[in-house]
file work_10.txt (compact mmCIF, C-alpha atoms)
# COMPACT_ATOMS: atom_id res chain seq x y z
CA LYS A 7 -32.25 45.46 -58.10
CA ALA A 8 -29.52 42.82 -58.20
CA ILE A 9 -28.71 43.32 -54.50
CA ARG A 10 -32.38 43.17 -53.57
CA ALA A 11 -32.87 39.99 -55.57
CA ALA A 12 -29.84 38.40 -53.92
CA VAL A 13 -31.08 39.28 -50.44
CA GLU A 14 -34.55 37.93 -51.14
CA ALA A 15 -33.14 34.73 -52.63
CA GLU A 16 -30.85 34.22 -49.62
CA ALA A 17 -33.73 34.72 -47.22
CA ASP A 18 -35.67 31.93 -48.92
CA THR A 19 -32.78 29.46 -48.64
CA VAL A 20 -33.05 26.84 -45.89
CA TYR A 21 -29.92 26.29 -43.78
CA LEU A 22 -29.05 23.79 -41.07
CA THR A 23 -28.45 25.27 -37.65
CA GLY A 24 -25.09 24.85 -35.95
CA MET A 25 -26.54 22.40 -33.43
CA ALA A 26 -28.05 20.32 -36.23
CA VAL A 27 -24.69 20.15 -38.03
CA ILE A 28 -22.92 19.04 -34.83
CA THR A 29 -25.58 16.38 -34.22
CA LEU A 30 -25.29 15.01 -37.76
CA GLU A 31 -21.49 14.97 -37.60
CA GLY A 32 -21.62 12.97 -34.37
CA LEU A 33 -24.17 10.56 -35.84
CA PHE A 34 -22.20 9.98 -39.05
CA SER A 35 -18.98 9.48 -37.06
CA ALA A 36 -20.65 6.84 -34.87
CA LEU A 37 -22.19 5.09 -37.88
CA ASN A 38 -18.83 5.09 -39.66
CA TYR A 39 -17.29 3.10 -36.78
CA PHE A 40 -20.43 0.98 -36.48
CA PHE A 41 -20.37 -0.25 -40.11
CA ALA A 42 -16.57 -0.38 -40.48
CA GLY A 43 -15.18 -3.78 -41.50
CA ASN A 44 -18.57 -5.07 -42.67
CA GLY A 45 -20.15 -4.37 -39.28
CA ILE A 46 -17.50 -6.12 -37.18
CA ASN A 47 -17.98 -3.52 -34.42
CA ALA A 48 -21.77 -3.76 -34.30
CA SER A 49 -21.73 -6.00 -31.23
CA ASN A 50 -19.87 -3.28 -29.29
CA TYR A 51 -22.77 -0.84 -29.58
CA GLU A 52 -26.01 -0.53 -27.69
CA LEU A 53 -29.06 1.50 -28.66
CA ALA A 54 -30.37 3.28 -25.56
CA LEU A 55 -33.58 5.21 -25.05
CA GLN A 56 -33.58 7.64 -22.14
CA ARG A 57 -36.82 9.16 -20.89
CA PHE A 58 -36.83 11.78 -18.16
CA VAL A 59 -38.45 14.98 -16.96
CA LYS A 60 -36.28 18.07 -16.67
CA LYS A 61 -36.35 20.23 -13.57
CA ASP A 62 -39.31 22.63 -13.38
CA GLU A 63 -40.92 20.98 -16.43
CA VAL A 64 -43.84 18.59 -16.80
CA VAL A 65 -43.13 17.34 -20.32
CA TRP A 66 -41.20 14.12 -20.82
CA THR A 67 -37.92 14.35 -22.76
CA ASN A 68 -36.89 11.40 -24.92
CA VAL A 69 -33.27 10.89 -25.97
CA LEU A 70 -32.20 8.14 -28.36
CA SER A 71 -28.48 7.34 -28.08
CA LEU A 72 -26.06 4.97 -29.78
CA TRP A 73 -23.47 4.02 -27.16
CA CYS A 74 -20.09 2.47 -27.94
CA LEU A 75 -19.13 0.22 -25.01
CA ASN A 76 -15.66 -0.71 -26.23
CA PRO A 77 -12.95 2.01 -26.42
CA SER A 78 -10.77 -0.17 -28.64
CA VAL A 79 -13.18 0.50 -31.53
CA VAL A 80 -11.89 4.06 -31.77
CA PHE A 81 -8.38 3.62 -30.38
CA LYS A 82 -7.49 0.88 -32.86
CA GLY A 83 -7.68 3.33 -35.74
CA ILE A 84 -5.58 5.86 -33.86
CA SER A 85 -2.84 3.34 -33.09
CA GLU A 86 -2.70 2.14 -36.71
CA LEU A 87 -2.26 5.66 -38.09
CA SER A 88 0.30 6.83 -35.51
CA GLN A 89 3.99 6.10 -35.14
CA SER A 90 3.72 6.41 -31.37
CA VAL A 91 1.07 7.35 -28.83
CA ILE A 92 1.88 8.66 -25.34
CA LEU A 93 -0.79 8.21 -22.68
CA THR A 94 -0.29 9.93 -19.33
CA SER A 95 -2.67 10.18 -16.41
CA GLY A 96 -2.86 9.69 -12.69
CA THR A 97 -5.74 7.21 -12.99
CA LEU A 98 -4.62 4.62 -15.55
CA SER A 99 -3.73 1.91 -13.03
CA PRO A 100 -3.87 -1.04 -13.37
CA LEU A 101 -2.15 -0.77 -16.73
CA SER A 102 -2.81 -4.39 -17.70
CA THR A 103 -6.58 -3.97 -17.79
CA PHE A 104 -6.27 -0.54 -19.39
CA SER A 105 -4.18 -2.04 -22.19
CA SER A 106 -6.73 -4.79 -22.81
CA GLU A 107 -9.59 -2.28 -22.91
CA LEU A 108 -7.82 -0.29 -25.64
CA GLY A 109 -6.95 -3.46 -27.54
CA VAL A 110 -3.22 -2.69 -27.81
CA GLN A 111 0.01 -3.74 -26.16
CA PHE A 112 2.10 -0.97 -24.60
CA GLY A 113 5.70 -1.13 -25.75
CA ALA A 114 6.94 0.88 -22.78
CA CYS A 115 5.27 1.46 -19.42
CA LEU A 116 6.19 3.66 -16.48
CA GLU A 117 4.10 3.48 -13.33
CA ALA A 118 5.14 5.56 -10.33
CA PRO A 119 4.47 4.29 -6.81
CA HIS A 120 1.46 5.62 -4.96
CA VAL A 121 1.93 8.53 -2.59
CA ILE A 122 0.60 6.29 0.20
CA ASP A 123 2.74 3.32 1.17
CA VAL A 124 0.10 0.67 1.76
CA ASP A 125 2.62 -1.59 3.51
CA SER A 126 3.47 0.88 6.27
CA GLN A 127 0.54 3.31 6.31
CA VAL A 128 -3.09 2.74 7.16
CA VAL A 129 -5.78 4.48 5.11
CA TRP A 130 -9.28 4.92 6.46
CA ALA A 131 -11.94 6.42 4.20
CA ALA A 132 -15.32 7.56 5.46
CA ALA A 133 -18.13 9.96 4.65
CA ILE A 134 -19.43 12.09 7.51
CA SER A 135 -23.03 13.03 6.79
CA ASN A 136 -23.87 14.77 10.06
CA GLY A 137 -21.96 17.11 12.32
CA PRO A 138 -22.14 17.68 16.08
CA GLY A 139 -25.75 17.97 17.15
CA ASN A 140 -26.68 15.61 14.29
CA TYR A 141 -27.05 18.53 11.85
CA PRO A 142 -26.81 17.40 8.18
CA LEU A 143 -23.61 18.49 6.43
CA ASN A 144 -25.30 19.34 3.15
CA ALA A 145 -23.52 22.08 1.19
CA SER A 146 -26.19 22.41 -1.47
CA PHE A 147 -27.25 25.79 -2.83
CA LYS A 148 -30.29 25.88 -0.54
CA THR A 149 -28.44 25.17 2.71
CA ALA A 150 -24.97 26.69 2.18
CA ASP A 151 -26.18 30.13 3.33
CA GLU A 152 -27.76 28.85 6.54
CA TYR A 153 -25.85 29.74 9.69
CA ALA A 154 -26.73 26.37 11.23
CA PHE A 155 -24.94 24.57 8.41
CA GLN A 156 -21.92 26.88 8.54
CA ASP A 157 -21.62 26.44 12.30
CA ALA A 158 -21.96 22.65 11.98
CA VAL A 159 -19.07 22.54 9.49
CA GLY A 160 -16.91 24.62 11.83
CA LYS A 161 -17.66 22.41 14.84
CA SER A 162 -17.02 19.28 12.76
CA LEU A 163 -13.61 20.58 11.68
CA GLU A 164 -12.79 21.45 15.28
CA GLU A 165 -13.44 17.85 16.33
CA ILE A 166 -11.46 16.50 13.37
CA PHE A 167 -8.52 18.83 14.06
CA ARG A 168 -8.50 17.64 17.67
CA VAL A 169 -8.07 13.94 16.83
CA VAL A 170 -6.17 14.00 13.52
CA PRO A 171 -2.42 14.48 13.97
CA ALA A 172 -0.07 16.54 11.79
CA GLY A 173 -1.71 18.14 8.74
CA CYS A 174 -5.29 18.42 7.53
CA LEU A 175 -6.17 19.41 3.97
CA VAL A 176 -9.72 20.76 3.80
CA PHE A 177 -11.28 21.23 0.37
CA PHE A 178 -14.25 23.48 -0.39
CA PRO A 179 -16.30 23.40 -3.61
CA SER A 180 -15.76 27.12 -4.37
CA TYR A 181 -13.92 30.24 -3.25
CA LYS A 182 -17.28 31.82 -2.49
CA LEU A 183 -18.19 29.17 0.07
CA LEU A 184 -14.67 29.21 1.54
CA ASP A 185 -14.82 32.98 2.08
CA LYS A 186 -18.35 32.74 3.45
CA LEU A 187 -17.47 30.09 6.04
CA CYS A 188 -14.26 31.80 7.13
CA SER A 189 -16.14 35.07 7.60
CA ARG A 190 -18.82 33.35 9.65
CA TRP A 191 -16.32 31.52 11.86
CA GLN A 192 -14.33 34.69 12.50
CA GLY A 193 -17.53 36.42 13.62
CA THR A 194 -18.70 33.66 15.95
CA GLY A 195 -15.38 32.78 17.58
CA GLN A 196 -15.19 29.40 15.85
CA TRP A 197 -12.06 30.57 14.03
CA VAL A 198 -10.25 31.01 17.36
CA ARG A 199 -11.28 27.53 18.46
CA LEU A 200 -10.03 26.05 15.18
CA HIS A 201 -6.77 27.93 15.52
CA ALA A 202 -6.38 26.56 19.04
CA GLN A 203 -6.17 23.05 17.56
CA LYS A 204 -4.04 23.74 14.49
CA SER A 205 -2.39 26.63 12.71
CA ILE A 206 -4.77 27.65 9.93
CA PHE A 207 -3.64 28.49 6.40
CA VAL A 208 -6.00 29.60 3.63
CA GLU A 209 -5.35 29.29 -0.08
CA PRO A 210 -4.79 32.80 -1.49
CA ARG A 211 -7.38 33.56 -4.11
CA ASN A 212 -6.07 36.48 -6.15
CA SER A 213 -2.31 36.14 -5.94
CA GLY A 214 0.66 34.96 -7.93
CA GLN A 215 2.40 31.63 -7.76
CA ASP A 216 5.13 33.00 -5.48
CA SER A 217 2.59 34.04 -2.86
CA PHE A 218 0.88 30.66 -3.01
CA ASP A 219 4.19 28.79 -2.72
CA SER A 220 5.10 30.88 0.31
CA VAL A 221 1.85 29.99 2.11
CA LEU A 222 2.28 26.33 1.19
CA ARG A 223 5.82 26.28 2.59
CA GLU A 224 4.59 27.77 5.86
CA TYR A 225 1.93 25.08 6.04
CA TYR A 226 4.47 22.30 5.48
CA ASP A 227 6.77 23.83 8.11
CA SER A 228 3.95 23.92 10.64
CA VAL A 229 3.11 20.29 9.94
CA ARG A 230 6.72 19.17 10.06
CA PHE A 231 7.92 21.18 13.04
CA GLY A 232 4.69 22.04 14.86
CA ILE A 233 5.42 25.76 14.59
CA GLN A 234 2.66 27.94 15.97
CA LYS A 235 2.10 31.32 14.39
CA VAL A 236 1.91 34.00 17.07
CA GLY A 237 0.35 37.32 16.10
CA GLY A 238 0.67 36.43 12.42
CA GLN A 239 4.42 35.70 12.71
CA LYS A 240 6.45 32.65 13.55
CA PRO A 241 8.35 32.58 16.85
CA ARG A 242 11.92 33.73 16.56
CA GLY A 243 14.68 31.26 15.78
CA LYS A 244 16.17 31.53 19.23
CA ARG A 245 12.94 30.43 20.85
CA LEU A 246 12.74 27.48 18.47
CA GLY A 247 16.21 26.36 19.47
CA LEU A 248 17.85 27.04 16.11
CA LYS A 249 21.57 26.54 16.19
CA ASN A 250 23.88 26.78 13.21
CA GLY A 251 21.00 26.33 10.81
CA GLY A 252 19.84 23.13 12.49
CA THR A 253 16.34 21.68 12.50
CA PRO A 254 13.88 23.77 14.52
CA LYS A 255 12.59 22.29 17.75
CA CYS A 256 9.51 23.87 19.26
CA SER A 257 9.00 24.66 22.88
CA ASN A 258 5.86 23.21 24.46
CA ASP A 259 3.94 26.49 24.49
CA ALA A 260 4.66 27.03 20.78
CA LYS A 261 3.53 23.62 19.65
CA LYS A 262 0.17 22.67 18.20
CA GLY A 263 -1.19 19.52 16.68
CA GLY A 264 0.10 20.41 13.23
CA ALA A 265 -1.67 22.66 10.73
CA ALA A 266 -4.71 22.84 8.47
CA PHE A 267 -4.82 24.13 4.91
CA LEU A 268 -8.18 25.38 3.65
CA ALA A 269 -8.31 25.24 -0.14
CA VAL A 270 -10.69 25.03 -3.08
CA CYS A 271 -11.08 21.76 -4.94
CA ARG A 272 -9.37 22.08 -8.34
CA GLY A 273 -8.09 25.50 -7.38
CA LYS A 274 -4.36 26.06 -6.92
CA VAL A 275 -3.72 23.00 -4.74
call {"tool": "encode", "arguments": {"input": "work_10.txt", "output": "structure tokens"}}
result
Amino acid sequence: KAIRAAVEAEADTVYLTGMAVITLEGLFSALNYFFAGNGINASNYELALQRFVKKDEVVWTNVLSLWCLNPSVVFKGISELSQSVILTSGTLSPLSTFSSELGVQFGACLEAPHVIDVDSQVVWAAAISNGPGNYPLNASFKTADEYAFQDAVGKSLEEIFRVVPAGCLVFFPSYKLLDKLCSRWQGTGQWVRLHAQKSIFVEPRNSGQDSFDSVLREYYDSVRFGIQKVGGQKPRGKRLGLKNGGTPKCSNDAKKGGAAFLAVCRGKV
């Protein structure tokens, strides 16, 4: 009887769901910063109402948000409680504005030079929306499986490989799409045409770090020395003119316009 009574009593008890608890914790945390110091941070907040319709739905969704537009509101408390704070990232530059946004002065700063020397190198950025034949280069879920799109990407890369010297790093959004395109190009002959412009290297998917490093070294060697892979192997050292461990020099028939590395964005590269 006691167990039954306990079960029945527990069933009648009302509990907050996990999502409700998380929502309330976030709200109370925001309000704590909002009213801290007699409301000194109130001007750094904005009340936003978002109204939108979700995909495949006809009902409007309303979201009421309290946005903090000043990161120093939160970081000030962290800096006051800590002996030291180390911030590292590849996207903090310029440090002067970043410091002012956090509302603190950095006691020590270390900023490495950019990989591109802007004084001696020219950088050109562009977005190519259409390939040869004016076919849209849209890798969305609906079009990624279309042969016309896959062929357009292959032809576009062929043109790019022809005019871009040295190395080309080509990123794909997923291993699935990378495998799909490579399979298509190998079946249509596009792979041979790409390989005629540059030596092609593909990021290994299921392999250890040693295997990946080996492929990456081969790619760098092909870019640096113009080494063409023949039948899956590099030409012998004698043909490359190696002498006493010197720098390889390629003969004309073993030289391409560099190499291309096909990889997945945020994969191993």
call {"tool": "atom_distance", "arguments": {"input": "work_10.txt", "atom1": "atom CA of A:Pro142", "atom2": "atom CA of A:Phe155"}}
result
7.4 Å
call {"tool": "atom_distance", "arguments": {"input": "work_10.txt", "atom1": "atom CA of A:Asn47", "atom2": "atom CA of A:Val91"}}
result
22.6 Å
call {"tool": "closest_residue", "arguments": {"input": "work_10.txt", "among": "A:Ala54, A:Leu72, A:Ile166, A:Ala150", "to": "A:Gly32", "atoms": "only C-alpha atoms"}}
result
A:Leu72
call {"tool": "residues_around", "arguments": {"input": "work_10.txt", "residues": "A:Val79", "least_positions_apart": "6", "cutoff": "9 Å", "atoms": "only C-alpha atoms", "output": "NGL selection string"}}
result
:A and (39-40 or 47 or 50 or 108-109)
call {"tool": "closest_residue", "arguments": {"input": "work_10.txt", "among": "A:Ser146, A:Gly83, A:Cys188, A:Asn76", "to": "A:Asn38", "atoms": "only C-alpha atoms"}}
result
A:Gly83
call {"tool": "atom_distance", "arguments": {"input": "work_10.txt", "atom1": "atom CA of A:Lys186", "atom2": "atom CA of A:Ser205"}}
result
19.4 Å
call {"tool": "residues_around", "arguments": {"input": "work_10.txt", "residues": "A:Val159", "least_positions_apart": "2", "cutoff": "12 Å", "atoms": "all atoms listed in the file", "output": "ChimeraX atom specification"}}
result
/A:134-145,149-150,152-157,161-166,176,178,183-184,186-188,190-191,196-197,200
call {"tool": "residues_near_point", "arguments": {"input": "work_10.txt", "point": "(-4.9, 13.3, 9.0)", "cutoff": "12 Å", "atoms": "all atoms listed in the file", "output": "number ranges by chain"}}
result
A: 127-131, 163, 166-176, 204, 229, 263-267
call {"tool": "closest_residue", "arguments": {"input": "work_10.txt", "among": "A:Leu75, A:Ala132, A:Ala269, A:Leu98", "to": "A:Ser180", "atoms": "all atoms listed in the file"}}
result
A:Ala269
call {"tool": "axis_aligned_box", "arguments": {"input": "work_10.txt", "around": "stretch 111-120 of chain A", "padding_each_side": "3 Å", "output": "lines of an AutoDock Vina configuration file"}}
result
center_x = 3.5
center_y = 0.9
center_z = -15.6
size_x = 12.9
size_y = 15.4
size_z = 27.2
call {"tool": "closest_residue", "arguments": {"input": "work_10.txt", "among": "A:Ser126, A:Pro100, A:Glu107, A:Thr94", "to": "A:Pro77", "atoms": "all atoms listed in the file"}}
result
A:Glu107
call {"tool": "closest_residue", "arguments": {"input": "work_10.txt", "among": "A:Gln56, A:Pro119, A:Val80, A:Ser71", "to": "A:Ala42", "atoms": "all atoms listed in the file"}}
result
A:Val80
call {"tool": "closest_residue", "arguments": {"input": "work_10.txt", "among": "A:Gly160, A:Pro210, A:His120, A:Leu222", "to": "A:Val198", "atoms": "only C-alpha atoms"}}
result
A:Gly160
call {"tool": "decode", "arguments": {"input": "work_10.txt", "residues": "stretch 132-255 of chain A", "atoms": "C-alpha atoms", "output": "mmCIF file, in the first residue's frame"}}
result
data_model
loop_
_atom_site.group_PDB
_atom_site.id
_atom_site.type_symbol
_atom_site.label_atom_id
_atom_site.label_comp_id
_atom_site.auth_asym_id
_atom_site.auth_seq_id
_atom_site.Cartn_x
_atom_site.Cartn_y
_atom_site.Cartn_z
ATOM 1 C CA ALA A 132 35.585 36.091 -56.518
ATOM 2 C CA ALA A 133 32.473 33.936 -56.493
ATOM 3 C CA ILE A 134 31.776 31.909 -59.624
ATOM 4 C CA SER A 135 28.049 31.269 -59.851
ATOM 5 C CA ASN A 136 27.930 29.588 -63.261
ATOM 6 C CA GLY A 137 30.160 27.091 -64.999
ATOM 7 C CA PRO A 138 30.901 26.522 -68.693
ATOM 8 C CA GLY A 139 27.668 26.524 -70.647
ATOM 9 C CA ASN A 140 26.237 28.966 -68.082
ATOM 10 C CA TYR A 141 25.024 26.098 -65.868
ATOM 11 C CA PRO A 142 24.415 27.221 -62.234
ATOM 12 C CA LEU A 143 26.960 25.878 -59.745
ATOM 13 C CA ASN A 144 24.423 25.189 -57.020
ATOM 14 C CA ALA A 145 25.424 22.315 -54.718
ATOM 15 C CA SER A 146 22.140 22.217 -52.832
ATOM 16 C CA PHE A 147 20.497 18.948 -51.841
ATOM 17 C CA LYS A 148 18.149 19.098 -54.833
ATOM 18 C CA THR A 149 20.815 19.638 -57.494
ATOM 19 C CA ALA A 150 23.900 17.838 -56.121
ATOM 20 C CA ASP A 151 22.755 14.501 -57.600
ATOM 21 C CA GLU A 152 22.151 15.897 -61.083
ATOM 22 C CA TYR A 153 24.722 14.835 -63.659
ATOM 23 C CA ALA A 154 24.543 18.256 -65.316
ATOM 24 C CA PHE A 155 25.690 19.921 -62.098
ATOM 25 C CA GLN A 156 28.452 17.369 -61.496
ATOM 26 C CA ASP A 157 29.732 17.770 -65.052
ATOM 27 C CA ALA A 158 29.627 21.570 -64.765
ATOM 28 C CA VAL A 159 31.783 21.452 -61.618
ATOM 29 C CA GLY A 160 34.293 19.193 -63.363
ATOM 30 C CA LYS A 161 34.516 21.444 -66.427
ATOM 31 C CA SER A 162 34.860 24.519 -64.207
ATOM 32 C CA LEU A 163 37.761 22.954 -62.313
ATOM 33 C CA GLU A 164 39.402 21.996 -65.598
ATOM 34 C CA GLU A 165 39.339 25.631 -66.718
ATOM 35 C CA ILE A 166 40.600 26.828 -63.333
ATOM 36 C CA PHE A 167 43.420 24.265 -63.289
ATOM 37 C CA ARG A 168 44.453 25.433 -66.751
ATOM 38 C CA VAL A 169 44.950 29.086 -65.776
ATOM 39 C CA VAL A 170 45.933 28.889 -62.084
ATOM 40 C CA PRO A 171 49.625 28.095 -61.572
ATOM 41 C CA ALA A 172 51.165 25.857 -58.902
ATOM 42 C CA GLY A 173 48.681 24.419 -56.396
ATOM 43 C CA CYS A 174 44.899 24.435 -56.147
ATOM 44 C CA LEU A 175 43.068 23.540 -52.944
ATOM 45 C CA VAL A 176 39.486 22.486 -53.711
ATOM 46 C CA PHE A 177 37.074 22.155 -50.790
ATOM 47 C CA PHE A 178 33.840 20.164 -50.849
ATOM 48 C CA PRO A 179 31.048 20.424 -48.258
ATOM 49 C CA SER A 180 31.078 16.684 -47.452
ATOM 50 C CA TYR A 181 32.881 13.416 -48.121
ATOM 51 C CA LYS A 182 29.707 12.112 -49.734
ATOM 52 C CA LEU A 183 29.703 14.818 -52.397
ATOM 53 C CA LEU A 184 33.463 14.481 -52.919
ATOM 54 C CA ASP A 185 33.148 10.732 -53.543
ATOM 55 C CA LYS A 186 30.121 11.261 -55.759
ATOM 56 C CA LEU A 187 31.839 13.814 -57.999
ATOM 57 C CA CYS A 188 35.074 11.842 -58.263
ATOM 58 C CA SER A 189 33.119 8.733 -59.251
ATOM 59 C CA ARG A 190 31.194 10.665 -61.892
ATOM 60 C CA TRP A 191 34.316 12.267 -63.359
ATOM 61 C CA GLN A 192 36.139 8.945 -63.527
ATOM 62 C CA GLY A 193 33.207 7.480 -65.448
ATOM 63 C CA THR A 194 32.896 10.318 -67.959
ATOM 64 C CA GLY A 195 36.581 10.911 -68.673
ATOM 65 C CA GLN A 196 36.597 14.270 -66.889
ATOM 66 C CA TRP A 197 39.053 12.856 -64.356
ATOM 67 C CA VAL A 198 41.604 12.250 -67.121
ATOM 68 C CA ARG A 199 41.183 15.802 -68.389
ATOM 69 C CA LEU A 200 41.664 17.188 -64.874
ATOM 70 C CA HIS A 201 44.745 15.043 -64.402
ATOM 71 C CA ALA A 202 46.124 16.364 -67.684
ATOM 72 C CA GLN A 203 46.234 19.847 -66.145
ATOM 73 C CA LYS A 204 47.451 19.005 -62.647
ATOM 74 C CA SER A 205 48.347 15.992 -60.550
ATOM 75 C CA ILE A 206 45.263 15.181 -58.484
ATOM 76 C CA PHE A 207 45.384 14.273 -54.799
ATOM 77 C CA VAL A 208 42.315 13.370 -52.748
ATOM 78 C CA GLU A 209 42.024 13.644 -48.987
ATOM 79 C CA PRO A 210 41.924 10.105 -47.540
ATOM 80 C CA ARG A 211 38.689 9.576 -45.674
ATOM 81 C CA ASN A 212 39.202 6.557 -43.417
ATOM 82 C CA SER A 213 42.902 6.592 -42.656
ATOM 83 C CA GLY A 214 45.350 7.530 -39.961
ATOM 84 C CA GLN A 215 47.347 10.710 -39.621
ATOM 85 C CA ASP A 216 50.448 9.109 -41.162
ATOM 86 C CA SER A 217 48.580 8.270 -44.360
ATOM 87 C CA PHE A 218 47.166 11.781 -44.591
ATOM 88 C CA ASP A 219 50.577 13.371 -43.992
ATOM 89 C CA SER A 220 52.063 11.195 -46.732
ATOM 90 C CA VAL A 221 49.463 12.338 -49.277
ATOM 91 C CA LEU A 222 49.933 15.954 -48.221
ATOM 92 C CA ARG A 223 53.711 15.712 -48.671
ATOM 93 C CA GLU A 224 53.240 14.314 -52.174
ATOM 94 C CA TYR A 225 50.935 17.209 -52.983
ATOM 95 C CA TYR A 226 53.467 19.774 -51.749
ATOM 96 C CA ASP A 227 56.234 18.054 -53.723
ATOM 97 C CA SER A 228 54.152 18.177 -56.890
ATOM 98 C CA VAL A 229 53.456 21.871 -56.373
ATOM 99 C CA ARG A 230 57.059 22.687 -55.547
ATOM 100 C CA PHE A 231 58.808 20.576 -58.163
ATOM 101 C CA GLY A 232 56.094 19.977 -60.756
ATOM 102 C CA ILE A 233 56.428 16.211 -60.369
ATOM 103 C CA GLN A 234 53.945 14.258 -62.442
ATOM 104 C CA LYS A 235 52.732 10.936 -61.114
ATOM 105 C CA VAL A 236 53.007 8.278 -63.797
ATOM 106 C CA GLY A 237 50.996 5.100 -63.309
ATOM 107 C CA GLY A 238 50.436 5.973 -59.655
ATOM 108 C CA GLN A 239 54.181 6.391 -58.970
ATOM 109 C CA LYS A 240 56.593 9.265 -59.215
ATOM 110 C CA PRO A 241 59.272 9.166 -61.926
ATOM 111 C CA ARG A 242 62.551 7.722 -60.757
ATOM 112 C CA GLY A 243 65.203 9.958 -59.257
ATOM 113 C CA LYS A 244 67.504 9.549 -62.221
ATOM 114 C CA ARG A 245 64.889 10.911 -64.583
ATOM 115 C CA LEU A 246 64.330 13.879 -62.290
ATOM 116 C CA GLY A 247 68.022 14.698 -62.350
ATOM 117 C CA LEU A 248 68.691 13.901 -58.700
ATOM 118 C CA LYS A 249 72.331 14.093 -57.825
ATOM 119 C CA ASN A 250 73.777 13.677 -54.357
ATOM 120 C CA GLY A 251 70.425 14.379 -52.761
ATOM 121 C CA GLY A 252 69.995 17.656 -54.622
ATOM 122 C CA THR A 253 66.747 19.386 -55.503
ATOM 123 C CA PRO A 254 64.721 17.493 -58.116
ATOM 124 C CA LYS A 255 64.416 19.063 -61.539
#
